[in-house]
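Enquirer: Got a structure for you, work_7.txt, holding compact mmCIF, C-alpha atoms.
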```
# COMPACT_ATOMS: atom_id res chain seq x y z
CA MET A 165 15.25 5.48 -59.07
CA THR A 166 18.59 5.45 -57.24
CA THR A 167 19.70 9.05 -57.13
CA THR A 168 20.19 10.45 -53.65
CA PRO A 169 18.53 13.86 -53.26
CA PHE A 170 21.32 15.28 -51.13
CA ALA A 171 23.13 13.18 -48.60
CA SER A 172 23.74 14.44 -45.09
CA GLY A 173 27.33 14.55 -43.92
CA ARG A 174 28.90 14.72 -47.38
CA THR A 175 32.17 16.54 -47.80
CA ASP A 176 32.33 16.71 -51.60
CA ALA A 177 30.57 19.47 -53.50
CA PRO A 178 27.01 18.68 -54.59
CA THR A 179 26.38 18.15 -58.27
CA ARG A 180 24.23 20.60 -60.21
CA ARG A 181 21.43 18.02 -60.16
CA GLU A 182 21.65 17.79 -56.37
CA GLN A 183 21.69 21.59 -56.09
CA ILE A 184 18.50 21.74 -58.14
CA LEU A 185 16.82 19.10 -55.97
CA LYS A 186 17.81 20.85 -52.75
CA GLN A 187 16.41 24.19 -53.88
CA ALA A 188 13.30 22.54 -55.32
CA ALA A 189 12.66 20.84 -51.96
CA ARG A 190 13.08 24.11 -50.11
CA LEU A 191 10.79 26.05 -52.44
CA PHE A 192 8.15 23.33 -52.65
CA ALA A 193 8.11 23.08 -48.84
CA GLU A 194 7.81 26.85 -48.44
CA ARG A 195 5.18 27.56 -51.09
CA GLY A 196 3.72 24.26 -52.20
CA PHE A 197 4.38 22.31 -55.37
CA HIS A 198 1.99 24.36 -57.52
CA GLY A 199 3.21 27.63 -56.04
CA VAL A 200 6.69 27.28 -57.53
CA GLY A 201 7.69 27.55 -61.19
CA VAL A 202 10.71 26.12 -62.94
CA ASP A 203 12.05 29.66 -63.45
CA GLU A 204 12.20 30.17 -59.69
CA ILE A 205 13.98 26.87 -59.13
CA GLY A 206 16.44 27.72 -61.88
CA ALA A 207 17.08 31.18 -60.43
CA ALA A 208 17.83 29.61 -57.03
CA VAL A 209 20.71 27.65 -58.55
CA GLY A 210 21.82 30.27 -61.06
CA ILE A 211 20.49 28.79 -64.30
CA SER A 212 17.54 29.59 -66.52
CA GLY A 213 14.26 27.79 -66.02
CA PRO A 214 14.53 26.08 -69.42
CA GLY A 215 18.06 25.03 -68.45
CA LEU A 216 16.51 22.77 -65.80
CA TYR A 217 15.15 20.57 -68.56
CA ARG A 218 18.68 19.37 -69.26
CA HIS A 219 18.54 17.73 -65.83
CA PHE A 220 14.84 16.92 -65.31
CA PRO A 221 11.88 16.58 -67.67
CA GLY A 222 9.78 18.73 -65.31
CA LYS A 223 8.69 19.51 -61.76
CA ASP A 224 6.90 16.17 -61.41
CA ALA A 225 10.18 14.35 -61.97
CA MET A 226 11.90 16.49 -59.33
CA LEU A 227 9.19 15.74 -56.80
CA ALA A 228 9.36 12.02 -57.54
CA GLU A 229 13.12 11.92 -57.23
CA LEU A 230 13.01 13.82 -53.95
CA LEU A 231 10.40 11.62 -52.29
CA VAL A 232 11.50 8.27 -53.69
CA GLY A 233 15.13 9.22 -53.15
CA ILE A 234 14.78 10.07 -49.47
CA SER A 235 12.85 6.85 -48.83
CA GLU A 236 15.65 4.90 -50.52
CA ARG A 237 18.27 6.77 -48.52
CA LEU A 238 16.59 6.05 -45.18
CA LEU A 239 16.22 2.35 -45.98
CA ASP A 240 19.77 2.03 -47.31
CA GLY A 241 21.12 3.81 -44.23
CA GLY A 242 19.12 1.56 -41.93
CA ARG A 243 20.36 -1.57 -43.68
CA LEU A 244 23.92 -0.31 -43.47
CA ARG A 245 23.57 0.18 -39.72
CA VAL A 246 22.15 -3.32 -39.36
CA GLY A 247 25.18 -4.71 -41.19
CA GLU A 248 27.60 -2.72 -39.04
CA THR A 249 25.99 -3.48 -35.66
CA THR A 250 25.26 -7.20 -35.66
CA GLY A 251 24.62 -8.99 -32.38
CA ASP A 252 23.82 -5.91 -30.27
CA PRO A 253 20.20 -4.82 -30.68
CA GLU A 254 20.54 -1.99 -28.16
CA ALA A 255 23.47 -0.46 -30.05
CA LEU A 256 21.64 -1.00 -33.33
CA LEU A 257 18.51 0.76 -32.11
CA GLY A 258 20.69 3.65 -30.97
CA ALA A 259 22.32 3.81 -34.40
CA LEU A 260 18.93 3.76 -36.14
CA ILE A 261 17.65 6.54 -33.92
CA ASP A 262 20.76 8.65 -34.51
CA GLY A 263 20.53 8.14 -38.27
CA HIS A 264 16.90 9.19 -38.36
CA ILE A 265 17.65 12.22 -36.17
CA ASP A 266 20.28 13.32 -38.70
CA PHE A 267 17.67 13.07 -41.46
CA ALA A 268 15.03 14.87 -39.41
CA LEU A 269 17.34 17.78 -38.63
CA ASP A 270 19.16 18.04 -41.96
CA ASP A 271 16.29 17.46 -44.38
CA ARG A 272 13.31 19.21 -42.81
CA PRO A 273 11.96 20.44 -46.18
CA LEU A 274 11.64 16.81 -47.32
CA ILE A 275 9.50 15.98 -44.29
CA THR A 276 7.18 18.88 -45.11
CA LEU A 277 7.18 17.88 -48.77
CA HIS A 278 6.26 14.30 -47.97
CA ASP A 279 3.40 15.37 -45.72
CA ARG A 280 1.93 17.79 -48.26
CA GLU A 281 2.76 16.48 -51.69
CA LEU A 282 2.99 12.67 -51.61
CA ASP A 283 -0.43 12.34 -53.23
CA ARG A 284 0.81 14.34 -56.24
CA LEU A 285 3.17 11.55 -57.27
CA LYS A 286 2.25 9.20 -60.07
CA ASP A 287 0.79 5.94 -58.79
CA GLU A 288 3.96 4.01 -59.57
CA ASP A 289 6.19 6.43 -57.65
CA ARG A 290 3.79 6.70 -54.72
CA LYS A 291 3.64 2.90 -54.45
CA ARG A 292 7.44 2.77 -54.53
CA VAL A 293 7.65 5.28 -51.66
CA ARG A 294 5.14 3.27 -49.61
CA GLN A 295 7.00 0.02 -50.33
CA LEU A 296 10.31 1.51 -49.20
CA GLN A 297 8.69 2.95 -46.09
CA ARG A 298 7.18 -0.42 -45.14
CA GLN A 299 10.59 -2.04 -45.45
CA TYR A 300 12.12 0.68 -43.27
CA VAL A 301 9.43 0.17 -40.62
CA GLU A 302 10.00 -3.61 -40.66
CA LEU A 303 13.71 -3.09 -40.11
CA TRP A 304 12.97 -1.08 -36.95
CA VAL A 305 10.25 -3.47 -35.76
CA THR A 306 12.65 -6.42 -35.98
CA VAL A 307 15.22 -4.65 -33.82
CA VAL A 308 12.72 -3.37 -31.25
CA ARG A 309 11.08 -6.79 -30.90
CA GLU A 310 14.48 -8.30 -30.21
CA LEU A 311 15.05 -5.74 -27.45
CA TYR A 312 11.55 -6.06 -25.99
CA PRO A 313 10.47 -9.67 -26.65
CA ASP A 314 7.61 -9.51 -24.14
CA ALA A 315 5.91 -6.60 -25.90
CA ALA A 316 3.06 -7.41 -28.26
CA GLU A 317 3.88 -6.93 -31.93
CA SER A 318 1.07 -4.40 -32.26
CA GLU A 319 2.61 -2.34 -29.44
CA VAL A 320 6.03 -2.49 -31.05
CA ARG A 321 4.65 -1.28 -34.39
CA THR A 322 2.76 1.50 -32.65
CA ALA A 323 5.91 2.55 -30.82
CA VAL A 324 7.96 2.60 -34.04
CA HIS A 325 5.40 4.78 -35.81
CA ALA A 326 5.10 7.03 -32.76
CA VAL A 327 8.88 7.56 -32.67
CA PHE A 328 8.87 8.37 -36.39
CA GLY A 329 6.14 10.93 -35.72
CA LEU A 330 8.18 12.39 -32.89
CA LEU A 331 11.40 12.63 -34.87
CA ASN A 332 9.66 13.88 -38.01
CA SER A 333 8.09 16.75 -36.09
CA THR A 334 11.27 18.83 -36.50
CA PRO A 335 9.80 21.23 -39.10
CA HIS A 336 7.33 22.37 -36.44
CA LEU A 337 9.75 22.71 -33.51
CA ALA A 338 11.27 25.92 -32.20
CA ALA A 339 14.84 26.49 -33.33
CA VAL A 340 17.39 25.50 -30.71
CA GLY A 341 21.02 24.48 -30.99
CA ARG A 342 21.71 21.41 -33.10
CA ARG A 343 23.42 19.49 -30.30
CA SER A 344 20.68 20.28 -27.80
CA MET A 345 18.00 19.18 -30.24
CA GLU A 346 19.84 15.95 -31.07
CA ASP A 347 20.18 15.12 -27.40
CA LEU A 348 16.54 15.87 -26.62
CA LEU A 349 15.21 13.87 -29.56
CA ARG A 350 17.50 10.96 -28.70
CA ARG A 351 16.28 10.88 -25.08
CA LEU A 352 12.65 11.15 -26.13
CA ALA A 353 12.98 8.33 -28.68
CA HIS A 354 14.71 5.99 -26.25
CA GLY A 355 12.16 6.88 -23.60
CA ALA A 356 9.29 6.02 -25.94
CA PHE A 357 10.75 2.61 -26.68
CA GLY A 358 11.59 2.10 -23.01
CA ALA A 359 7.86 2.31 -22.27
CA LEU A 360 7.54 -1.09 -23.96
CA ALA A 361 9.32 -2.65 -21.00
CA GLY A 362 6.34 -1.81 -18.81
```
Go ahead and express the file in the form of structure tokens.
Expert:
Amino acid sequence: MTTTPFASGRTDAPTRREQILKQAARLFAERGFHGVGVDEIGAAVGISGPGLYRHFPGKDAMLAELLVGISERLLDGGRLRVGETTGDPEALLGALIDGHIDFALDDRPLITLHDRELDRLKDEDRKRVRQLQRQYVELWVTVVRELYPDAAESEVRTAVHAVFGLLNSTPHLAAVGRRSMEDLLRRLAHGAFGALAG
């Protein structure tokens, strides 16, 4: 599955398919997967519920595309940053943190959806999400170990997962200005990794 749910920072208009996915993510996050019908998703994008079936075979397919798609997007974005920032692990870690902050602030419904609904995916899709997530973690671990070579690998992995937990807490945080939140999350993430130097 290679479709991006809805990419942050895009300037072109989203396709109808992307509009459907965005509204499905919002509604699923607000009311739960089983609390939302196809008619409601269709109404949110101005088409009939049955009209959705021209784009997706059903709600299960939407959920799979959302959760597999965001995992693909995070990994692809991380790999892109690695390719653009070779030879400077500190700058690369900063780029990875900034990229994940953008996701955490722009796609909060997907974080909620992942936490609540991952187990509803078919086995094949759930395994794909987990595989992509492991690759994303390994990308971060490699960079952090290069920056903090004296830290034990287990500590590095713990720090990476802890920073993900911190950044992915955005759906539960009080609303503040975007720039202020970015700055705070950035400082907290760098501070967490800086603890490895001790």
Enquirer: Would you mind reading off the distance between atom CA of A:Val209 and atom CA of A:Gln187, one decimal, in Å?
Expert: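 Spanning atom CA of A:Val209 to atom CA of A:Gln187 is a straight-line distance of 7.2 Å.
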Enquirer: So the first atom is atom CA of A:Ala323 and the second is atom CA of A:Arg343; what is the distance between them in Å, to one decimal place?
Expert: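 Computing the Euclidean distance for atom CA of A:Ala323 and atom CA of A:Arg343 yields 24.4 Å.
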Enquirer: Which of these residues is nearest to A:Gln299, using all atoms listed in the file: A:Val200, A:Leu238, A:Leu256, A:Ala177?
Expert: A:Leu238
Enquirer: Please measure the separation of atom CA of A:Ser235 and atom CA of A:Arg181, giving the value in Å to one decimal.
Expert: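 Atom CA of A:Arg181 lies 18.1 Å from atom CA of A:Ser235.
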Enquirer: What lies within 12 Å of A:Gly201 using all atoms listed in the file, ignoring chain neighbours under 2 positions off, as a ChimeraX atom specification?
Expert: /A:187-188,191-192,195-199,203-208,212-214,216,222-224,226
Enquirer: So that I can see what lies close to stretch 246-254 of chain A, please list as a list in words the residues with an atom at most 7 Å from it, counting all atoms listed in the file and leaving out residues fewer than 6 positions away in the same chain.
Expert: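 My reading of the contact set: Val307, Glu310 and Leu311 of chain A.
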Enquirer: Quick one: residues within 9 Å of stretch 285-289 of chain A, only C-alpha atoms, excluding same-chain residues fewer than 6 positions away - as a CSV table (one decimal) with C-alpha atoms, in the frame of the given file?
Expert:
```csv
chain,number,residue,atom,x,y,z
A,224,ASP,CA,6.9,16.2,-61.4
A,225,ALA,CA,10.2,14.4,-62.0
A,227,LEU,CA,9.2,15.7,-56.8
A,228,ALA,CA,9.4,12.0,-57.5
A,229,GLU,CA,13.1,11.9,-57.2
A,231,LEU,CA,10.4,11.6,-52.3
A,232,VAL,CA,11.5,8.3,-53.7
```
Enquirer: Please define a box with edges along x, y and z of the file around all atoms of stretch 351-357 of chain A given in the file, extend it by 5 Å on each side, and return its centre and edge lengths in Å to one decimal, as lines of an AutoDock Vina configuration file.
Expert:
```
center_x = 12.8
center_y = 6.9
center_z = -26.1
size_x = 17.0
size_y = 18.5
size_z = 15.1
```
Enquirer: Pick out the residues sitting within 9 Å of A:Glu346, and hand them over as a VMD selection string; count only C-alpha atoms, and ignore anything fewer than 4 positions along from it in its own chain.
Expert: chain A and resid 262 265 to 266 269 341 to 342 350 to 351
Enquirer: Restricting the calculation to only C-alpha atoms: of A:Arg245, A:Arg272, A:Arg190, A:Arg237, which residue gets closest to A:Leu303?
Expert: A:Arg245
Enquirer: Of the residues A:Gln295, A:Val202, A:Leu331, A:Arg321, which is the one nearest to A:His264, using all atoms listed in the file?
Expert: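 Among A:Gln295, A:Val202, A:Leu331, A:Arg321, it is A:Leu331 that comes nearest to A:His264.
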Enquirer: Starting from the point (7.9, 9.9, -38.3), work out which residues of protein, DNA or RNA have an atom no more than 12 Å away when counting all atoms listed in the file; state them as a PyMOL selection string.
Expert: chain A and resi 238+261+264-265+267-268+272+274-276+278-279+297+300-301+322-335+353
Enquirer: Can you tell me, as a ChimeraX atom specification, what residues are no more than 12 Å from A:Glu319 when counting all atoms listed in the file, ignoring any on the same chain fewer than 2 positions away?
Expert: /A:305,308-309,312-317,321-326,356-362
